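Asker: See start.cif below, with mmCIF, C-alpha atoms and all ligand atoms.
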data_input
loop_
_atom_site.group_PDB
_atom_site.id
_atom_site.type_symbol
_atom_site.label_atom_id
_atom_site.label_comp_id
_atom_site.auth_asym_id
_atom_site.auth_seq_id
_atom_site.Cartn_x
_atom_site.Cartn_y
_atom_site.Cartn_z
ATOM 1 C CA MET A 19 21.473 23.512 3.561
ATOM 2 C CA LYS A 20 20.597 24.054 -0.111
ATOM 3 C CA THR A 21 17.049 23.249 -1.260
ATOM 4 C CA VAL A 22 16.401 21.101 -4.322
ATOM 5 C CA GLY A 23 12.936 21.374 -5.868
ATOM 6 C CA ILE A 24 11.529 18.128 -7.249
ATOM 7 C CA THR A 25 8.566 17.899 -9.606
ATOM 8 C CA ALA A 26 7.681 14.217 -9.006
ATOM 9 C CA LEU A 27 9.193 11.220 -7.264
ATOM 10 C CA ILE A 28 12.992 11.469 -7.039
ATOM 11 C CA PRO A 29 14.714 9.271 -4.424
ATOM 12 C CA PRO A 30 14.903 11.571 -1.385
ATOM 13 C CA GLU A 31 17.572 9.187 -0.048
ATOM 14 C CA LEU A 32 19.988 10.471 -2.684
ATOM 15 C CA ILE A 33 19.184 14.163 -2.166
ATOM 16 C CA PHE A 34 19.736 13.907 1.588
ATOM 17 C CA ALA A 35 22.903 11.830 1.019
ATOM 18 C CA CYS A 36 24.229 14.649 -1.180
ATOM 19 C CA GLY A 37 23.800 17.071 1.730
ATOM 20 C CA LYS A 38 20.783 18.867 0.267
ATOM 21 C CA LYS A 39 17.125 18.956 1.251
ATOM 22 C CA PRO A 40 14.318 18.084 -1.178
ATOM 23 C CA CYS A 41 11.225 20.243 -1.665
ATOM 24 C CA ASP A 42 8.310 18.678 -3.556
ATOM 25 C CA VAL A 43 6.940 21.674 -5.447
ATOM 26 C CA ASN A 44 3.566 19.943 -5.908
ATOM 27 C CA ASN A 45 2.800 20.246 -2.217
ATOM 28 C CA PHE A 46 2.230 24.005 -2.662
ATOM 29 C CA VAL A 47 -0.314 23.586 -5.462
ATOM 30 C CA PRO A 48 -3.609 22.344 -3.854
ATOM 31 C CA LYS A 49 -3.961 25.488 -1.711
ATOM 32 C CA SER A 50 -2.740 27.925 -4.363
ATOM 33 C CA ASN A 51 -5.005 30.676 -5.786
ATOM 34 C CA LEU A 52 -2.632 31.352 -8.664
ATOM 35 C CA GLN A 53 -4.171 31.499 -12.138
ATOM 36 C CA PRO A 54 -1.416 30.284 -14.485
ATOM 37 C CA ALA A 55 -0.791 32.349 -17.608
ATOM 38 C CA SER A 56 -0.573 29.331 -19.908
ATOM 39 C CA LYS A 57 -1.223 25.741 -19.042
ATOM 40 C CA LEU A 58 -1.963 22.163 -19.916
ATOM 41 C CA CYS A 59 -1.864 20.463 -16.509
ATOM 42 C CA ALA A 60 -2.480 22.878 -13.633
ATOM 43 C CA TRP A 61 0.023 21.076 -11.389
ATOM 44 C CA THR A 62 3.041 21.873 -13.582
ATOM 45 C CA ALA A 63 1.791 25.309 -14.656
ATOM 46 C CA ILE A 64 1.273 26.445 -11.057
ATOM 47 C CA TRP A 65 4.611 25.250 -9.673
ATOM 48 C CA ARG A 66 6.284 26.770 -12.752
ATOM 49 C CA ASP A 67 4.700 30.181 -12.099
ATOM 50 C CA MET A 68 5.366 29.982 -8.357
ATOM 51 C CA ILE A 69 9.068 29.343 -9.031
ATOM 52 C CA LEU A 70 9.269 32.082 -11.668
ATOM 53 C CA ARG A 71 7.675 34.532 -9.204
ATOM 54 C CA LYS A 72 10.272 33.430 -6.627
ATOM 55 C CA GLU A 73 7.552 32.276 -4.229
ATOM 56 C CA LEU A 74 9.419 29.000 -3.599
ATOM 57 C CA PRO A 75 12.908 29.280 -2.114
ATOM 58 C CA LEU A 76 14.789 26.845 -4.377
ATOM 59 C CA ASP A 77 18.486 26.654 -5.203
ATOM 60 C CA SER A 78 17.986 24.151 -8.021
ATOM 61 C CA LEU A 79 15.280 22.026 -9.628
ATOM 62 C CA VAL A 80 15.074 18.356 -10.639
ATOM 63 C CA VAL A 81 12.373 17.792 -13.256
ATOM 64 C CA VAL A 82 11.002 14.306 -13.808
ATOM 65 C CA ALA A 83 10.746 14.692 -17.548
ATOM 66 C CA GLY A 84 10.000 11.143 -18.619
ATOM 67 C CA GLY A 85 8.513 7.895 -17.432
ATOM 68 C CA ASP A 86 6.048 9.430 -14.971
ATOM 69 C CA CYS A 87 4.948 12.925 -15.928
ATOM 70 C CA HIS A 88 5.200 13.964 -19.574
ATOM 71 C CA ASN A 89 4.005 17.539 -19.112
ATOM 72 C CA ALA A 90 6.715 18.803 -16.793
ATOM 73 C CA LEU A 91 9.488 19.008 -19.386
ATOM 74 C CA VAL A 92 8.629 22.352 -21.009
ATOM 75 C CA ASP A 93 7.510 23.993 -17.775
ATOM 76 C CA GLY A 94 10.855 22.840 -16.338
ATOM 77 C CA GLU A 95 12.659 24.378 -19.306
ATOM 78 C CA LYS A 96 10.933 27.700 -18.638
ATOM 79 C CA VAL A 97 12.289 27.562 -15.100
ATOM 80 C CA ALA A 98 15.749 26.662 -16.428
ATOM 81 C CA LEU A 99 15.662 29.649 -18.800
ATOM 82 C CA SER A 100 15.081 31.916 -15.780
ATOM 83 C CA GLY A 101 18.521 30.900 -14.503
ATOM 84 C CA ILE A 102 17.721 28.196 -11.943
ATOM 85 C CA PRO A 103 20.100 25.195 -12.304
ATOM 86 C CA THR A 104 17.850 22.401 -13.592
ATOM 87 C CA PHE A 105 18.341 18.673 -14.076
ATOM 88 C CA TYR A 106 16.036 16.460 -16.186
ATOM 89 C CA PHE A 107 15.492 12.970 -14.840
ATOM 90 C CA PHE A 108 14.080 10.087 -16.916
ATOM 91 C CA TYR A 109 12.752 6.798 -15.549
ATOM 92 C CA PRO A 110 13.025 3.669 -17.710
ATOM 93 C CA PHE A 111 9.833 2.157 -19.118
ATOM 94 C CA GLU A 112 11.078 -1.406 -18.592
ATOM 95 C CA LYS A 113 13.062 -2.736 -15.662
ATOM 96 C CA ASP A 114 16.390 -1.399 -16.947
ATOM 97 C CA VAL A 115 18.496 -1.149 -13.794
ATOM 98 C CA ASP A 116 21.670 -0.030 -15.631
ATOM 99 C CA TYR A 117 19.783 2.842 -17.236
ATOM 100 C CA LEU A 118 18.393 4.002 -13.896
ATOM 101 C CA GLN A 119 21.794 3.597 -12.262
ATOM 102 C CA ASP A 120 23.219 5.951 -14.902
ATOM 103 C CA GLN A 121 20.421 8.481 -14.270
ATOM 104 C CA LEU A 122 21.078 8.355 -10.531
ATOM 105 C CA ASP A 123 24.846 8.764 -11.048
ATOM 106 C CA ARG A 124 24.248 11.831 -13.203
ATOM 107 C CA LEU A 125 21.809 13.238 -10.650
ATOM 108 C CA SER A 126 24.330 12.637 -7.881
ATOM 109 C CA ARG A 127 26.942 14.640 -9.809
ATOM 110 C CA PHE A 128 24.420 17.455 -10.392
ATOM 111 C CA LEU A 129 23.804 17.522 -6.631
ATOM 112 C CA GLY A 130 27.535 17.759 -5.864
ATOM 113 C CA GLY A 131 28.186 14.091 -5.044
ATOM 114 C CA ILE A 132 27.476 11.945 -2.021
ATOM 115 C CA GLN A 133 28.603 13.498 1.245
ATOM 116 C CA ASN A 134 26.460 11.756 3.869
ATOM 117 C CA PRO A 135 26.062 8.090 2.831
ATOM 118 C CA GLU A 136 24.503 7.252 6.198
ATOM 119 C CA MET A 137 21.376 9.098 5.021
ATOM 120 C CA PHE A 138 20.433 6.175 2.744
ATOM 121 C CA GLU A 139 19.810 3.975 5.762
ATOM 122 C CA ARG A 140 18.241 6.740 7.831
ATOM 123 C CA VAL A 141 15.645 7.459 5.151
ATOM 124 C CA SER A 142 14.959 3.731 4.696
ATOM 125 C CA GLU A 143 14.290 3.357 8.410
ATOM 126 C CA ILE A 144 11.840 6.264 8.394
ATOM 127 C CA LYS A 145 10.071 4.756 5.390
ATOM 128 C CA LYS A 146 9.459 1.632 7.481
ATOM 129 C CA LEU A 147 7.465 3.857 9.853
ATOM 130 C CA GLY A 148 5.518 5.026 6.796
ATOM 131 C CA LEU A 149 4.702 1.437 5.888
ATOM 132 C CA ASP A 150 3.449 0.904 9.458
ATOM 133 C CA LEU A 151 1.202 3.940 9.041
ATOM 134 C CA ASP A 152 -0.096 2.615 5.718
ATOM 135 C CA GLU A 153 -0.989 -0.687 7.356
ATOM 136 C CA LEU A 154 -2.659 0.990 10.333
ATOM 137 C CA ARG A 155 -4.805 3.022 7.951
ATOM 138 C CA ALA A 156 -5.603 -0.030 5.794
ATOM 139 C CA GLN A 157 -6.793 -1.841 8.929
ATOM 140 C CA GLY A 158 -9.133 1.067 9.713
ATOM 141 C CA LYS A 159 -7.142 2.206 12.741
ATOM 142 C CA TYR A 160 -6.073 5.610 11.440
ATOM 143 C CA PRO A 161 -8.033 8.298 9.521
ATOM 144 C CA ALA A 162 -7.354 8.217 5.782
ATOM 145 C CA ASP A 163 -7.263 12.001 5.383
ATOM 146 C CA LYS A 164 -4.549 12.315 8.023
ATOM 147 C CA ALA A 165 -2.613 9.339 6.635
ATOM 148 C CA PHE A 166 -2.704 10.815 3.122
ATOM 149 C CA LYS A 167 -1.212 14.132 4.262
ATOM 150 C CA ILE A 168 1.712 12.317 5.864
ATOM 151 C CA MET A 169 2.270 9.725 3.136
ATOM 152 C CA VAL A 170 2.214 12.248 0.301
ATOM 153 C CA SER A 171 5.001 14.103 2.137
ATOM 154 C CA PHE A 172 7.386 11.155 1.788
ATOM 155 C CA GLY A 173 8.584 12.786 -1.448
ATOM 156 C CA ASP A 174 10.491 15.414 0.543
ATOM 157 C CA PHE A 175 10.019 14.592 4.243
ATOM 158 C CA LYS A 176 8.631 18.135 4.494
ATOM 159 C CA GLY A 177 12.243 19.295 4.204
ATOM 160 C CA ASP A 178 12.874 18.513 7.893
ATOM 161 C CA ILE A 179 13.781 14.886 8.390
ATOM 162 C CA ASP A 180 14.004 15.076 12.222
ATOM 163 C CA LEU A 181 10.581 16.638 12.617
ATOM 164 C CA PHE A 182 9.056 14.290 10.064
ATOM 165 C CA GLU A 183 10.466 11.255 11.872
ATOM 166 C CA LYS A 184 9.053 12.553 15.159
ATOM 167 C CA THR A 185 5.612 13.008 13.584
ATOM 168 C CA LEU A 186 5.677 9.361 12.493
ATOM 169 C CA LYS A 187 6.917 8.083 15.834
ATOM 170 C CA ASP A 188 4.141 9.979 17.647
ATOM 171 C CA ILE A 189 1.331 8.358 15.612
ATOM 172 C CA GLN A 190 -1.247 6.532 17.726
ATOM 173 C CA GLU A 191 -4.154 4.346 16.690
ATOM 174 C CA GLU A 192 -7.432 6.212 16.276
ATOM 175 C CA ASP A 193 -11.008 5.050 16.090
ATOM 176 C CA VAL A 194 -12.257 5.402 12.480
ATOM 177 C CA LYS A 195 -15.931 5.141 11.528
ATOM 178 C CA TYR A 196 -16.774 4.277 7.921
ATOM 179 C CA THR A 197 -19.198 2.261 5.858
ATOM 180 C CA LYS A 198 -17.134 1.242 2.800
ATOM 181 C CA THR A 199 -13.493 1.059 1.772
ATOM 182 C CA VAL A 200 -12.138 2.546 -1.440
ATOM 183 C CA ALA A 201 -8.843 2.688 -3.319
ATOM 184 C CA LEU A 202 -7.808 6.037 -4.780
ATOM 185 C CA LEU A 203 -5.906 5.464 -8.024
ATOM 186 C CA GLY A 204 -4.120 7.910 -10.296
ATOM 187 C CA VAL A 205 -2.238 11.074 -9.501
ATOM 188 C CA PRO A 206 -3.156 12.661 -6.150
ATOM 189 C CA PRO A 207 -6.242 14.916 -6.387
ATOM 190 C CA ILE A 208 -5.452 18.595 -6.877
ATOM 191 C CA ASN A 209 -8.337 19.529 -4.555
ATOM 192 C CA CYS A 210 -7.209 20.229 -1.005
ATOM 193 C CA ASP A 211 -10.309 18.664 0.612
ATOM 194 C CA PHE A 212 -10.697 15.478 -1.471
ATOM 195 C CA HIS A 213 -9.934 13.004 1.311
ATOM 196 C CA GLU A 214 -11.957 14.962 3.870
ATOM 197 C CA VAL A 215 -15.004 14.810 1.589
ATOM 198 C CA LEU A 216 -14.612 11.036 1.161
ATOM 199 C CA THR A 217 -14.340 10.656 4.939
ATOM 200 C CA SER A 218 -17.503 12.730 5.420
ATOM 201 C CA LEU A 219 -19.318 10.322 3.064
ATOM 202 C CA GLY A 220 -18.247 7.267 5.078
ATOM 203 C CA LEU A 221 -15.670 6.184 2.487
ATOM 204 C CA HIS A 222 -12.374 5.082 4.009
ATOM 205 C CA VAL A 223 -9.428 5.220 1.592
ATOM 206 C CA VAL A 224 -7.374 2.091 2.266
ATOM 207 C CA TYR A 225 -5.024 2.587 -0.678
ATOM 208 C CA ASP A 226 -3.573 5.814 -2.065
ATOM 209 C CA GLU A 227 -1.753 4.693 -5.169
ATOM 210 C CA LEU A 228 0.960 7.296 -5.626
ATOM 211 C CA PRO A 229 1.737 8.105 -1.970
ATOM 212 C CA TYR A 230 2.177 4.376 -1.371
ATOM 213 C CA GLU A 231 4.888 4.369 -4.058
ATOM 214 C CA PHE A 232 6.637 7.225 -2.239
ATOM 215 C CA VAL A 233 6.736 5.127 0.921
ATOM 216 C CA ARG A 234 7.457 1.629 -0.303
ATOM 217 C CA LEU A 235 10.388 2.395 -2.650
ATOM 218 C CA SER A 236 13.718 2.736 -0.916
ATOM 219 C CA GLY A 237 17.313 1.503 -0.812
ATOM 220 C CA ASN A 238 20.433 1.627 1.348
ATOM 221 C CA SER A 239 22.872 2.256 -1.505
ATOM 222 C CA MET A 240 22.934 3.553 -5.071
ATOM 223 C CA ASP A 241 22.675 -0.023 -6.351
ATOM 224 C CA GLU A 242 19.612 -0.745 -4.235
ATOM 225 C CA LEU A 243 17.990 2.539 -5.255
ATOM 226 C CA ALA A 244 18.445 1.662 -8.946
ATOM 227 C CA GLU A 245 17.045 -1.833 -8.422
ATOM 228 C CA ASN A 246 14.036 -0.774 -6.351
ATOM 229 C CA TYR A 247 13.018 2.483 -8.050
ATOM 230 C CA CYS A 248 12.903 0.565 -11.344
ATOM 231 C CA ASP A 249 9.648 -0.856 -9.965
ATOM 232 C CA TYR A 250 8.030 2.571 -9.650
ATOM 233 C CA THR A 251 4.679 1.553 -11.093
ATOM 234 C CA PHE A 252 3.763 4.991 -12.428
ATOM 235 C CA ALA A 253 6.783 4.972 -14.723
ATOM 236 C CA ARG A 254 6.502 1.375 -15.909
ATOM 237 C CA ASN A 255 4.276 -0.158 -18.583
ATOM 238 C CA ILE A 256 0.584 -0.580 -17.791
ATOM 239 C CA GLU A 257 0.703 -4.384 -17.473
ATOM 240 C CA PHE A 258 3.223 -4.140 -14.662
ATOM 241 C CA ARG A 259 1.108 -1.510 -12.916
ATOM 242 C CA LEU A 260 -2.108 -3.528 -13.356
ATOM 243 C CA GLU A 261 -0.606 -6.641 -11.756
ATOM 244 C CA PHE A 262 0.617 -4.560 -8.846
ATOM 245 C CA LEU A 263 -2.797 -2.888 -8.432
ATOM 246 C CA LYS A 264 -4.741 -6.153 -8.558
ATOM 247 C CA ASN A 265 -2.615 -7.521 -5.768
ATOM 248 C CA GLU A 266 -2.929 -4.425 -3.559
ATOM 249 C CA LEU A 267 -6.704 -4.077 -4.051
ATOM 250 C CA LYS A 268 -7.277 -7.716 -3.178
ATOM 251 C CA LYS A 269 -4.991 -7.570 -0.145
ATOM 252 C CA ARG A 270 -6.792 -4.493 1.170
ATOM 253 C CA ASN A 271 -10.352 -5.766 0.556
ATOM 254 C CA VAL A 272 -11.525 -2.668 -1.248
ATOM 255 C CA ASP A 273 -15.244 -2.215 -1.974
ATOM 256 C CA GLY A 274 -14.762 0.285 -4.795
ATOM 257 C CA VAL A 275 -12.214 2.186 -6.876
ATOM 258 C CA ILE A 276 -12.033 5.929 -7.479
ATOM 259 C CA HIS A 277 -9.729 6.944 -10.319
ATOM 260 C CA TYR A 278 -8.694 10.563 -10.057
ATOM 261 C CA THR A 279 -7.584 12.026 -13.381
ATOM 262 C CA GLN A 280 -6.179 15.460 -14.086
ATOM 263 C CA PHE A 281 -7.138 17.621 -17.058
ATOM 264 C CA ALA A 282 -4.446 17.415 -19.798
ATOM 265 C CA CYS A 283 -2.550 14.610 -18.048
ATOM 266 C CA HIS A 284 -1.663 11.597 -20.201
ATOM 267 C CA HIS A 285 -2.575 9.285 -17.304
ATOM 268 C CA LEU A 286 -6.272 9.986 -17.908
ATOM 269 C CA LEU A 287 -5.972 7.926 -21.104
ATOM 270 C CA GLU A 288 -5.366 4.929 -18.837
ATOM 271 C CA ASP A 289 -8.889 5.174 -17.434
ATOM 272 C CA ASP A 290 -10.531 2.676 -19.807
ATOM 273 C CA ILE A 291 -7.681 0.179 -19.314
ATOM 274 C CA LEU A 292 -8.082 0.334 -15.531
ATOM 275 C CA ARG A 293 -11.870 0.020 -15.835
ATOM 276 C CA LYS A 294 -11.617 -3.034 -18.071
ATOM 277 C CA ASN A 295 -9.063 -4.801 -15.928
ATOM 278 C CA LEU A 296 -10.082 -4.007 -12.359
ATOM 279 C CA ASP A 297 -13.301 -5.761 -11.453
ATOM 280 C CA TYR A 298 -14.674 -3.330 -8.864
ATOM 281 C CA PRO A 299 -17.366 -0.640 -8.792
ATOM 282 C CA PHE A 300 -15.470 2.194 -10.476
ATOM 283 C CA LEU A 301 -15.819 5.976 -10.456
ATOM 284 C CA THR A 302 -13.710 8.359 -12.540
ATOM 285 C CA ILE A 303 -13.297 11.935 -11.404
ATOM 286 C CA GLN A 304 -11.504 14.605 -13.393
ATOM 287 C CA GLY A 305 -10.033 17.737 -11.816
ATOM 288 C CA ASP A 306 -8.352 20.808 -13.222
ATOM 289 C CA LEU A 307 -7.656 23.795 -10.968
ATOM 290 C CA PRO A 308 -6.892 23.537 -7.247
ATOM 291 C CA GLY A 309 -9.207 24.576 -4.427
ATOM 292 C CA LYS A 310 -12.124 22.810 -2.794
ATOM 293 C CA ILE A 311 -14.080 20.082 -4.562
ATOM 294 C CA HIS A 312 -16.727 21.395 -6.954
ATOM 295 C CA ARG A 313 -20.362 20.736 -5.917
ATOM 296 C CA GLN A 314 -20.959 18.516 -8.964
ATOM 297 C CA VAL A 315 -17.978 16.317 -8.074
ATOM 298 C CA ARG A 316 -19.226 16.061 -4.528
ATOM 299 C CA SER A 317 -22.633 14.913 -5.809
ATOM 300 C CA ARG A 318 -20.984 12.201 -7.893
ATOM 301 C CA LEU A 319 -18.991 11.004 -4.881
ATOM 302 C CA GLU A 320 -22.202 10.963 -2.804
ATOM 303 C CA ALA A 321 -23.971 8.894 -5.470
ATOM 304 C CA PHE A 322 -21.018 6.472 -5.591
ATOM 305 C CA SER A 323 -21.095 6.093 -1.807
ATOM 306 C CA GLU A 324 -24.847 5.396 -1.900
ATOM 307 C CA MET A 325 -24.371 2.849 -4.675
ATOM 308 C CA LEU A 326 -21.651 1.027 -2.697
ATOM 309 C CA ASN A 327 -23.866 0.966 0.383
ATOM 310 C CA SER A 328 -26.744 -0.511 -1.580
ATOM 311 C CA VAL A 329 -24.663 -3.447 -2.881
HETATM 312 S S1 LIG A 401 -1.175 15.314 -13.245
HETATM 313 FE FE1 LIG A 401 -0.107 14.267 -14.936
HETATM 314 S S2 LIG A 401 0.661 15.907 -16.256
HETATM 315 FE FE2 LIG A 401 0.100 16.806 -14.281
HETATM 316 S S3 LIG A 401 1.986 16.820 -13.102
HETATM 317 FE FE3 LIG A 401 0.917 14.921 -12.581
HETATM 318 S S4 LIG A 401 1.689 13.367 -13.998
HETATM 319 FE FE4 LIG A 401 2.281 15.379 -14.799
#
Hey, can you dump this file as structure tokens for me?
Ligand code: SF4
Answerer:
Amino acid sequence: MKTVGITALIPPELIFACGKKPCDVNNFVPKSNLQPASKLCAWTAIWRDMILRKELPLDSLVVVAGGDCHNALVDGEKVALSGIPTFYFFYPFEKDVDYLQDQLDRLSRFLGGIQNPEMFERVSEIKKLGLDLDELRAQGKYPADKAFKIMVSFGDFKGDIDLFEKTLKDIQEEDVKYTKTVALLGVPPINCDFHEVLTSLGLHVVYDELPYEFVRLSGNSMDELAENYCDYTFARNIEFRLEFLKNELKKRNVDGVIHYTQFACHHLLEDDILRKNLDYPFLTIQGDLPGKIHRQVRSRLEAFSEMLNSV
């Protein structure tokens, strides 16, 4: 089965339905030691260099070039120039279902057309197991670090849909000890131990913004995909995202918000808007290169945990 690299959220339903398997190239970044030759955001620079060095076994690449990440375009073009068939995908800024339908139709043609339509429903069913996991974690019955690792893999189902489904079906409730709940907003942290550090400080992440999008968006047909993925909050205008966030934070009873921002990512400019509009104790962390959390960042997380416990 041919492997399609994806640089951000692309409906895995469609890739599987086209008889290919997705591979989220970001999942190789947090544990990478690679020092990129030129970079803005380390996420895109590292997957770019890994692909150019042929360290990722891809047959083609789908670059989300607009509406979510705005840094991936040129790094994607560098990959395309190396000879790898590359498709550029653009999300609409408003809820423009026809526009997204057209993007999905084009992507389907790039992927060779739909061959296994039953995969739409299969993926949707597995995503329901992901929503169960999200709820279990939000209720404090499953460790947040383990839940994050699974939920962030809903972009590509780890390339093995049977094994991934089994992992989800085998999940059992676990006793979780924590003192405060937090929501983690923004792009996922580039540090491989971010969630583990929060757990060690007694902070239980009850909401992971982006992984939750990976899980909740789905559809059993091309029409449903276009309708539902139009509500991908990271690609929509900030008012839409804010309303969605307010609702989720209230529902999950969060005690505080941590906004992870990435060096040279346009999303970090949203920090002051989120601060002004979300009425919670708020900590902003900025990362750059992958690896373990820097000592200074750890100290700031410790201070935030102490502050929440003193309230
Ligand atoms: S952190 Fe920002 S710039 Fe970097 S890959 Fe993610 S969305 Fe793109």
Asker: Taking the file above as input, evaluate the PyMOL selection byres (((chain A and resi 78) around 6) and not hetatm) and report the hits as a VMD selection string.
Answerer: chain A and resid 22 76 to 77 79 102 to 104
Asker: Write the residues of the preceding selection, restricted to C-alpha atoms, as a PDB file, in the frame of the given file.
Answerer:
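Final output, result-v8.pdb:
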ATOM      1  CA  VAL A  22      16.401  21.101  -4.322  1.00  0.00           C
ATOM      2  CA  LEU A  76      14.789  26.845  -4.377  1.00  0.00           C
ATOM      3  CA  ASP A  77      18.486  26.654  -5.203  1.00  0.00           C
ATOM      4  CA  LEU A  79      15.280  22.026  -9.628  1.00  0.00           C
ATOM      5  CA  ILE A 102      17.721  28.196 -11.943  1.00  0.00           C
ATOM      6  CA  PRO A 103      20.100  25.195 -12.304  1.00  0.00           C
ATOM      7  CA  THR A 104      17.850  22.401 -13.592  1.00  0.00           C
TER       8      THR A 104
END
Asker: Hey, which residues come within 10 Å of ligand LIG 401 (chain A) if we count only C-alpha atoms and all ligand atoms? Could you give them as JSON, numbers by chain?
Answerer: {"A": [25, 26, 44, 58, 59, 60, 61, 62, 63, 64, 65, 82, 83, 84, 85, 86, 87, 88, 89, 90, 91, 204, 205, 206, 207, 208, 252, 253, 278, 279, 280, 281, 282, 283, 284, 285, 286, 305, 306]}
Asker: Name the residues captured by the PyMOL selection byres (((chain A and resi 123) around 12) and not hetatm) when it is applied to the shown file; answer as a list in words.
Answerer: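 Selected by the PyMOL selection byres (((chain A and resi 123) around 12) and not hetatm) in this file: Leu32, Ile33, Cys36, Phe107, Asp116, Tyr117, Leu118, Gln119, Asp120, Gln121, Leu122, Arg124, Leu125, Ser126, Arg127, Phe128, Leu129, Gly130, Gly131, Ile132, Ser239, Met240, Asp241, Leu243 and Ala244 of chain A.
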Asker: Which one of A:Val329, A:Leu203, A:Ile144, A:Ile179 sits closest to Pro40 in chain A if you count all atoms listed in the file?
Answerer: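 For Pro40 in chain A, the nearest of the given residues is A:Ile179.
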Asker: So what does the PyMOL selection byres (((chain A and resi 199) around 7) and not hetatm) actually pick up in this one, as a VMD selection string?
Answerer: chain A and resid 198 200 221 to 224 272 to 274
Asker: Distance cut-off 7 Å, centre (21.8, 20.7, 0.2) in file coordinates, counting only C-alpha atoms: which residues qualify? Return them as a VMD selection string.
Answerer: chain A and resid 19 to 21 36 to 39
Asker: Can you work out the spacing between CA of Asn238 in chain A and CA of Glu183 in chain A in Å, to one decimal?
Answerer: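 So the two atoms, CA of Asn238 in chain A and CA of Glu183 in chain A, lie 17.4 Å apart.
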